[in-house]
Amino acid sequence: MSATGLVAVTDCCKTFPHPDGRREFTVLDHIDVSVEDGEVVALLGRSGSGKSTLLRIMAGLIPPTSGTVLSDGKVLTGPNPDVAMVFQSFALLPWLTVLENVELGLEARGIGRVERTKRALKVIDLVGLDGFESAYPKELSGGMKQRVGFARALVVAPKVLFLDEPFSALDVLTAENLRGELDDLWNAGTFPAESILLVTHNIEEAVFLADRVVVLGINPGRVRGEVKIDLPRPHDRNDARFKELVEHLYLVMTKPTMEMAPAPATPVTAPEELRLTPVPRPLSPYAHPLPHVRVGTVSGLLELVIEHPQSGHEIANIAERLRLPIDDLLPILEAAALLEFATVSEGALHLTELGREFALADILESKEIFRREALAHVPIVAAIANTLREKSNGRMGAGFFLDLLEEHYPDDEARRQFETAVEWGRYAELYEYDAMQEQLTLSDGTSAPIAALN
Amino acid sequence: MYATLSSAALKITLKRAGMGTDRRGASSDRRMQSLLPSRAALRKLPFGLADVAVILGTLFLIALIARIGRGALVSFVPPQHLPTVDLDPRNLPYYAGRSTLRMFIALIASFAFTFAYGYAAARNRYAERVLIPLLDILQSVPVLGFLSITVTGFIALFPGSLLGLECAAIFAIFTSQAWNMAFSFYQSLRTLPQDLSEATVAYRLPLWQRFVRLEVPAAMIGLVWNAMMSFGGGWFFLAASEAISVLNQSYTLPGIGSYVAAAVTAQNMPALGWAVLTMAITILLIDQLFWRPVVAWADKFRLEQSAAVEGPQSWVYDLLRSAHVTSLIRRAWNPIGDMAGTALSALTMPRAPHVADPRFGRIADRAFTGFLIAFVAALIAVGIIFILTTVGFAEIGRVAVLGLATYARVVVLLIFATVVWTPIGLVIGLNPHLTRVLQPVAMFCASFPANFIFPFATLAFISFHIPINFGSILLMALGSQWYILFNAIAGGASIPTDLREMTADIGATGRLRWRRLIIPAAFSSWVTGGITASGGAWNASIVSEIVTWGPTTLTAVGLGSYIAEATGKGDWPRITLGVSMMSVYVVVVNRLFWRRLYALAEAKYHL
């Protein structure tokens with residue numbers, strides 16, 4: 001794929017070495033993405049898809065392990081001068097005023113004091129912060145801080161504006177407000193940058209703002225496909241086609257194995273059971289990742305779905321009603337599917353009989369159901385319980401399991417998997433965990449607590 | 001030695017620098033862990049091996065303490081002859097042991113003092129009004145100044161016997177630790193999490209239980225960090241106090257500091273070298289065998305609710321935890337502990353809160369304040385009269401000028417350290433690999449007693465005819481510049497990643513990046529380092545401005561040498577005058593300069 005665009009990566013891979021030096025973890029696998037002139041591209045993916053890493057590679061902040069990054073046709077070595085980034089955490093220097101923060105890029109380019117103040121004031125006005133030039137960041141609200149972030153990026157007139165989840169740290173109303181203003185500014189045709197590259201995990205945001213949505217998969221991060229947003233600008237949220245595109249994207253996101261066809265005019269494709277990470281079935285039980293969600297949350301979602309059958313089981317609707325981003329919602333769906341409490345197909349959630357029973361049961365009964373299902377369907381939990389059973393005192397140090405998990409996941413992820421497995425095991429009353437001693441102990445099956453610490 | 005505001009700031013800087021709960025530090029510890037048995041491996045050892053290690057270790061420690069302690073037991077009767085220091089290097093482990101024993105006795109005393117003092121100040125409004133300003137002043141008085149006053153006092157208390165000197169040495173170390181720790185404990189008590197405090201009141205917890213279950217645990221991390229930092233600084237004072245010249249007599253306590261003093265008098269270079277080596281090994285051993293496990297243990301008192309980040313690691317702590325014998329001992333202790341706890345709880349049941357009559361309260365307040373002011377004024381008056389009648393007004397003026405000379409040296413030192421060590425420290429801090437390697441080195445340099453290196457420098461001064469008026473600046477720097485370096489490393493390491501990415505992205509590089517990002521971000525770390533270094537420099541001046549090598553003594557013009565000489569002669573009025581003048585200088589400079597800078601750092605440069 002030739003990179004004719006403003007910024008492009010070709011065949012980019014990024015791996016990080018494991019701390020003990022033995023292994024590597026692939027974050028990005030053979031990525032090809034290019035941003036053309038005059039378009040808004042959204043990179044959509046769950047956490048773990050490497051989208052922020054990809055953005056930083058394209059901005060020249062991290063080097064790729066292999067592959068090339070081209071900016072305006074030239075190979076990139078070092079930070080990309082044609083690009084300016086807006087950060088999720090705003091990244092404002094607390095000891096500089098708004099004006100000084102905005103002028104920073106111009107100062108770096110050696111522009112004289114008078115000229116840069118003039119340009120900065122113009123852009124500050126453009127983002128709606130007129131009057132706040134002499135304020136310090138700590139006097140500003142989150143939304144205003146992000147406006148400063150936008151102003152700082154726009155004042156240098158970059159070819160492409162990079163946005164790293166710019167609205168994630170803001171409350172819903174402020175985010176909505178800023179999103180709308182960004183869209184208005186872009187649609188007005190006099191935007192200070194030629195293109196925008198937006199990284200997001202919010203499907204509605206991607207469809208609202210972008211001309212083209214690139215969907216990234218996880219394990220490892222790769223480009224699964226693209227969805228063209230063929231809506232007239234400004235994108236109307238009430239438009240039927242808008243809703244179709246959103247639902248299609250939910251469908252795509254909840255089916256990691258699905259081959260992406262372009263968004264169909266009418267939804268078709270055969271129903272498919274939702275499964276976890278699609279790699280060929282590995283031999284070790286510890287290689288099946290657990291979705292990071294608490295049992296109570298799964299129970300809560302199932303109860304909500306039962307109580308409100310009239311609003312439908314469309315995942316898009318559930319997400320909107322509960323205001324859950326996909327990073328929070330998908331693990332819950334995966335857990336429900338794993339435990340065979342529900343199935344996900346056609347972008348809709350359907351409870352099984354067992355799931356209905358689980359949701360409606362009282363606490364003791366639901367624990368019993370969960371325990372049965374966890375032993376039957378969750379490899380990690382079953383493996384831990386079996387290992388503990390094999391020991392005469394029913395005890396094992398956490399380090400043993402962590403070592404096994406570290407063979408399949410990076411350190412942090414291994415730790416998180418362990419903690420989730422402990423939470424599920426405790427709920428199921430299969431085993432107990434002493435955090436001080438870092439020891440797992442098999443439960444004796446009754447509800448009596450194990451004798452106090454040794 | 002550490003100003004009031006610095007101890008809290010230091011702790012935060014240390015934490016930010018990855019010396020406790022930072023993952024970066026933890027992963028480097030984990031890598032070092034791979035050289036030592038891992039926790040899981042220790043657990044896998046069959047019942048007995050870990051226990052054998054712990055039992056053997058404990059027995060060895062007890063035997064060691066007994067052997068060393070035997071020598072430390074001094075009688076009240078003056079001994080037949082004062083012990084001299086044998087310069088044979090084979091005695092060094094014994095001397096190091098004696099010194100270490102003093103350090104730990106002082107540490108225990110500091111903890112006891114801390115709990116009593118801090119608790120009294122936090123609980124009682126009137127006590128607070130007296131005790132906290134007193135702490136402020138005590139923290140500003142140079143420790144070695146304390147030593148000068150107290151050594152004569154203690155020796156007068158126990159004429160002729162060694163006990164006075166032992167007490168004086170232990171007291172010197174005590175004063176370098178106790179004020180910081182007491183203040184830290186007091187602050188922790190004042191900033192207890194509101195909800196936990198209310199819970200203990202609502203459940204009508206006896207005061208003893210509240211103390212043991214809430215107040216001490218909440219303060220534990222701050223206490224441990226303060227103790228660790230002060231302990232490191234304590235070696236310096238120990239070394240200075242073990243061989244001291246009082247009343248024209250030289251007293252030497254067997255210990256590593258007096259070994260160095262004897263080596264200096266005998267001009268024995270190899271012995272000095274051995275002493276330095278022994279000191280380094282002692283510091284490393286204590287760090288590994290004591291402080292690391294204590295810090296790892298104290299980590300469980302972290303007040304944040306999340307358990308995300310891996311805490312500090314210590315193989316000794318892991319060994320103790322995996323040994324079954326430790327849990328056996330704990331189980332055996334439980335009944336006794338329970339009985340004691342019940343008894344103490346019965347004695348400290350909470351009373352109904354006493355609602356005082358507000359009018360009476362106001363009158364009492366005003367009376368108390370009035371009384372305090374009168375008392376302090378009287379004290380100052382007595383002090384001034386005492387000085388005026390004994391040494392005269394002109395002397396005060398002379399001492400003030402001497403103070404200026406020392407102050408000039410401190411300023412030069414600080415400027416040098418800022419200009420040279422701060423950029424180096426920042427560069428190291430910005431690079432995680434360098435930080436991991438070099439920060440422990442900087443910490444080690446900060447805790448290694450610089451007065452062990454003084455003799456080498458003195459010899460160089462004598463050989464190359466360098467005037468001590470300037471050479472003493474180098475000596476003072478040897479003890480204190482490490483605080484600036486080590487805080488600069490911490491400052492560089494704590495610059496947030498997103499700000500660094502942003503400057504790279506926006507094209508702000510080179511000088512602009514330093515001017516706009518790195519220096520402002522590291523400002524508050526520099527202030528912390530500066531306060532500590534300045535305090536350390538004043539302290540060091542007492543042993544830097546007058547140095548000896550064999551028969552030669554070099555004396556600089558300054559307040560430090562004035563105090564040292566007055567101590568040597570046992571001249572009470574001059575000692576008091578000198579120490580008071582130094583305290584005045586420290587307090588004035590603190591308030592006029594450092595406190596303002598600190599407020600600026602908090603207001604404008606706070607990340």
# chains A, B, ... in the order shown; residues from 1 in each chain; ligands from 1
call {"tool": "select_by_dssp", "arguments": {"residues": "stretch 180-366 of chain A", "states": "strand (DSSP E)", "output": "number ranges by chain"}}
result
A: 195-200, 212-217, 222-228, 342-345, 348-351
call {"tool": "interface_residues", "arguments": {"of": "chain A", "to": "chain B", "cutoff": "7 Å", "atoms": "only C-alpha atoms", "output": "list in words"}}
result
Leu61, Pro79, Ala84, Met85, Ala91, Pro94, Trp95, Gly105, Ala108, Gly397, Gly399, Phe400 and Asn454 of chain A
call {"tool": "residues_around", "arguments": {"residues": "B:Val143", "least_positions_apart": "6", "cutoff": "7 Å", "atoms": "only C-alpha atoms", "output": "list of chain:residue names"}}
result
B:Met1, B:Ala172, B:Thr175, B:Ser176, B:Asn539
call {"tool": "write_last_selection", "arguments": {"atoms": "N, CA, C and O atoms", "output": "mmCIF file, in the first residue's frame"}}
result
data_model
loop_
_atom_site.group_PDB
_atom_site.id
_atom_site.type_symbol
_atom_site.label_atom_id
_atom_site.label_comp_id
_atom_site.auth_asym_id
_atom_site.auth_seq_id
_atom_site.Cartn_x
_atom_site.Cartn_y
_atom_site.Cartn_z
ATOM 1 N N MET B 1 18.428 19.433 61.927
ATOM 2 C CA MET B 1 19.087 19.359 60.638
ATOM 3 C C MET B 1 18.090 19.512 59.503
ATOM 4 O O MET B 1 18.347 20.123 58.515
ATOM 5 N N ALA B 172 23.164 12.902 71.117
ATOM 6 C CA ALA B 172 23.422 13.625 69.873
ATOM 7 C C ALA B 172 22.664 12.982 68.722
ATOM 8 O O ALA B 172 22.004 13.654 67.930
ATOM 9 N N THR B 175 18.916 13.614 69.043
ATOM 10 C CA THR B 175 18.420 14.910 68.623
ATOM 11 C C THR B 175 18.355 15.028 67.101
ATOM 12 O O THR B 175 17.575 15.822 66.578
ATOM 13 N N SER B 176 19.158 14.234 66.393
ATOM 14 C CA SER B 176 19.084 14.350 64.947
ATOM 15 C C SER B 176 17.872 13.620 64.389
ATOM 16 O O SER B 176 17.488 13.815 63.247
ATOM 17 N N ASN B 539 25.390 22.383 60.118
ATOM 18 C CA ASN B 539 25.862 21.375 61.058
ATOM 19 C C ASN B 539 27.295 20.994 60.799
ATOM 20 O O ASN B 539 28.120 20.899 61.706
#
call {"tool": "residues_around", "arguments": {"residues": "A:Lys118", "least_positions_apart": "2", "cutoff": "12 Å", "atoms": "only C-alpha atoms", "output": "MDAnalysis selection string"}}
result
chainID A and resid 99:100 102:103 106 111:116 120:125 133 155
call {"tool": "write_last_selection", "arguments": {"atoms": "N, CA and C atoms", "output": "PDB file, in the first residue's frame"}}
result
ATOM      1  N   LEU A  99      -2.206  31.745  27.745  1.00  0.00           N
ATOM      2  CA  LEU A  99      -1.530  32.318  26.583  1.00  0.00           C
ATOM      3  C   LEU A  99      -0.145  31.708  26.392  1.00  0.00           C
ATOM      4  N   GLU A 100       0.605  31.593  27.475  1.00  0.00           N
ATOM      5  CA  GLU A 100       1.957  31.042  27.363  1.00  0.00           C
ATOM      6  C   GLU A 100       1.925  29.575  26.951  1.00  0.00           C
ATOM      7  N   VAL A 102      -0.362  28.183  25.079  1.00  0.00           N
ATOM      8  CA  VAL A 102      -0.699  28.102  23.662  1.00  0.00           C
ATOM      9  C   VAL A 102       0.494  28.513  22.813  1.00  0.00           C
ATOM     10  N   GLU A 103       1.259  29.484  23.293  1.00  0.00           N
ATOM     11  CA  GLU A 103       2.380  29.991  22.497  1.00  0.00           C
ATOM     12  C   GLU A 103       3.546  29.008  22.444  1.00  0.00           C
ATOM     13  N   LEU A 106       4.764  27.798  19.108  1.00  0.00           N
ATOM     14  CA  LEU A 106       5.302  28.884  18.283  1.00  0.00           C
ATOM     15  C   LEU A 106       6.674  29.306  18.791  1.00  0.00           C
ATOM     16  N   ILE A 111       9.332  31.783  16.566  1.00  0.00           N
ATOM     17  CA  ILE A 111       8.559  32.939  16.098  1.00  0.00           C
ATOM     18  C   ILE A 111       8.647  34.046  17.146  1.00  0.00           C
ATOM     19  N   GLY A 112       8.748  35.255  16.689  1.00  0.00           N
ATOM     20  CA  GLY A 112       8.945  36.402  17.574  1.00  0.00           C
ATOM     21  C   GLY A 112       7.773  36.635  18.505  1.00  0.00           C
ATOM     22  N   ARG A 113       8.043  37.344  19.590  1.00  0.00           N
ATOM     23  CA  ARG A 113       7.074  37.498  20.669  1.00  0.00           C
ATOM     24  C   ARG A 113       5.770  38.122  20.205  1.00  0.00           C
ATOM     25  N   VAL A 114       5.866  39.225  19.453  1.00  0.00           N
ATOM     26  CA  VAL A 114       4.646  39.953  19.060  1.00  0.00           C
ATOM     27  C   VAL A 114       3.787  39.084  18.153  1.00  0.00           C
ATOM     28  N   GLU A 115       4.454  38.480  17.165  1.00  0.00           N
ATOM     29  CA  GLU A 115       3.744  37.660  16.198  1.00  0.00           C
ATOM     30  C   GLU A 115       3.061  36.480  16.865  1.00  0.00           C
ATOM     31  N   ARG A 116       3.771  35.843  17.804  1.00  0.00           N
ATOM     32  CA  ARG A 116       3.166  34.647  18.383  1.00  0.00           C
ATOM     33  C   ARG A 116       2.020  35.004  19.323  1.00  0.00           C
ATOM     34  N   ALA A 120      -1.616  33.453  18.808  1.00  0.00           N
ATOM     35  CA  ALA A 120      -2.190  32.712  19.931  1.00  0.00           C
ATOM     36  C   ALA A 120      -3.547  33.287  20.321  1.00  0.00           C
ATOM     37  N   LEU A 121      -3.630  34.596  20.352  1.00  0.00           N
ATOM     38  CA  LEU A 121      -4.903  35.207  20.748  1.00  0.00           C
ATOM     39  C   LEU A 121      -6.006  34.858  19.770  1.00  0.00           C
ATOM     40  N   LYS A 122      -5.636  34.791  18.501  1.00  0.00           N
ATOM     41  CA  LYS A 122      -6.653  34.462  17.503  1.00  0.00           C
ATOM     42  C   LYS A 122      -7.200  33.059  17.741  1.00  0.00           C
ATOM     43  N   VAL A 123      -6.298  32.122  17.976  1.00  0.00           N
ATOM     44  CA  VAL A 123      -6.739  30.737  18.172  1.00  0.00           C
ATOM     45  C   VAL A 123      -7.492  30.585  19.490  1.00  0.00           C
ATOM     46  N   ILE A 124      -7.056  31.308  20.516  1.00  0.00           N
ATOM     47  CA  ILE A 124      -7.765  31.239  21.803  1.00  0.00           C
ATOM     48  C   ILE A 124      -9.201  31.712  21.609  1.00  0.00           C
ATOM     49  N   ASP A 125      -9.358  32.702  20.776  1.00  0.00           N
ATOM     50  CA  ASP A 125     -10.706  33.181  20.473  1.00  0.00           C
ATOM     51  C   ASP A 125     -11.492  32.112  19.731  1.00  0.00           C
ATOM     52  N   GLU A 133      -6.924  34.505  28.796  1.00  0.00           N
ATOM     53  CA  GLU A 133      -5.513  34.367  28.391  1.00  0.00           C
ATOM     54  C   GLU A 133      -4.567  34.353  29.571  1.00  0.00           C
ATOM     55  N   VAL A 155      -2.668  26.238  16.845  1.00  0.00           N
ATOM     56  CA  VAL A 155      -1.967  27.487  16.533  1.00  0.00           C
ATOM     57  C   VAL A 155      -0.740  27.230  15.650  1.00  0.00           C
TER      58      VAL A 155
END
call {"tool": "residues_around", "arguments": {"residues": "A:Val213", "least_positions_apart": "4", "cutoff": "9 Å", "atoms": "only C-alpha atoms", "output": "ChimeraX atom specification"}}
result
/A:40-44,206-207,225-229
call {"tool": "write_last_selection", "arguments": {"atoms": "N, CA and C atoms", "output": "PDB file, in the first residue's frame"}}
result
ATOM      1  N   VAL A  40     -11.394  13.145   8.141  1.00  0.00           N
ATOM      2  CA  VAL A  40     -11.303  12.828   9.570  1.00  0.00           C
ATOM      3  C   VAL A  40     -11.299  11.311   9.688  1.00  0.00           C
ATOM      4  N   VAL A  41     -10.225  10.764  10.221  1.00  0.00           N
ATOM      5  CA  VAL A  41     -10.109   9.313  10.389  1.00  0.00           C
ATOM      6  C   VAL A  41     -10.202   8.987  11.868  1.00  0.00           C
ATOM      7  N   ALA A  42     -11.017   7.988  12.203  1.00  0.00           N
ATOM      8  CA  ALA A  42     -11.092   7.556  13.590  1.00  0.00           C
ATOM      9  C   ALA A  42     -10.453   6.184  13.724  1.00  0.00           C
ATOM     10  N   LEU A  43      -9.592   6.018  14.741  1.00  0.00           N
ATOM     11  CA  LEU A  43      -9.043   4.704  15.088  1.00  0.00           C
ATOM     12  C   LEU A  43      -9.871   4.188  16.259  1.00  0.00           C
ATOM     13  N   LEU A  44     -10.643   3.144  16.000  1.00  0.00           N
ATOM     14  CA  LEU A  44     -11.551   2.634  17.013  1.00  0.00           C
ATOM     15  C   LEU A  44     -11.052   1.303  17.517  1.00  0.00           C
ATOM     16  N   ALA A 206     -17.002   8.134  17.196  1.00  0.00           N
ATOM     17  CA  ALA A 206     -16.323   7.844  15.936  1.00  0.00           C
ATOM     18  C   ALA A 206     -17.260   8.103  14.758  1.00  0.00           C
ATOM     19  N   VAL A 207     -18.488   7.621  14.845  1.00  0.00           N
ATOM     20  CA  VAL A 207     -19.412   7.793  13.718  1.00  0.00           C
ATOM     21  C   VAL A 207     -19.793   9.259  13.559  1.00  0.00           C
ATOM     22  N   GLY A 225     -10.307  -3.781   9.770  1.00  0.00           N
ATOM     23  CA  GLY A 225     -11.012  -3.304   8.587  1.00  0.00           C
ATOM     24  C   GLY A 225     -11.415  -1.860   8.765  1.00  0.00           C
ATOM     25  N   GLU A 226     -12.197  -1.398   7.810  1.00  0.00           N
ATOM     26  CA  GLU A 226     -12.583  -0.001   7.777  1.00  0.00           C
ATOM     27  C   GLU A 226     -14.065   0.108   7.535  1.00  0.00           C
ATOM     28  N   VAL A 227     -14.671   1.133   8.118  1.00  0.00           N
ATOM     29  CA  VAL A 227     -16.074   1.388   7.808  1.00  0.00           C
ATOM     30  C   VAL A 227     -16.163   2.813   7.293  1.00  0.00           C
ATOM     31  N   LYS A 228     -16.671   2.988   6.085  1.00  0.00           N
ATOM     32  CA  LYS A 228     -16.799   4.322   5.532  1.00  0.00           C
ATOM     33  C   LYS A 228     -18.103   4.953   6.058  1.00  0.00           C
ATOM     34  N   ILE A 229     -18.018   6.159   6.555  1.00  0.00           N
ATOM     35  CA  ILE A 229     -19.218   6.825   7.073  1.00  0.00           C
ATOM     36  C   ILE A 229     -19.786   7.676   5.935  1.00  0.00           C
TER      37      ILE A 229
END
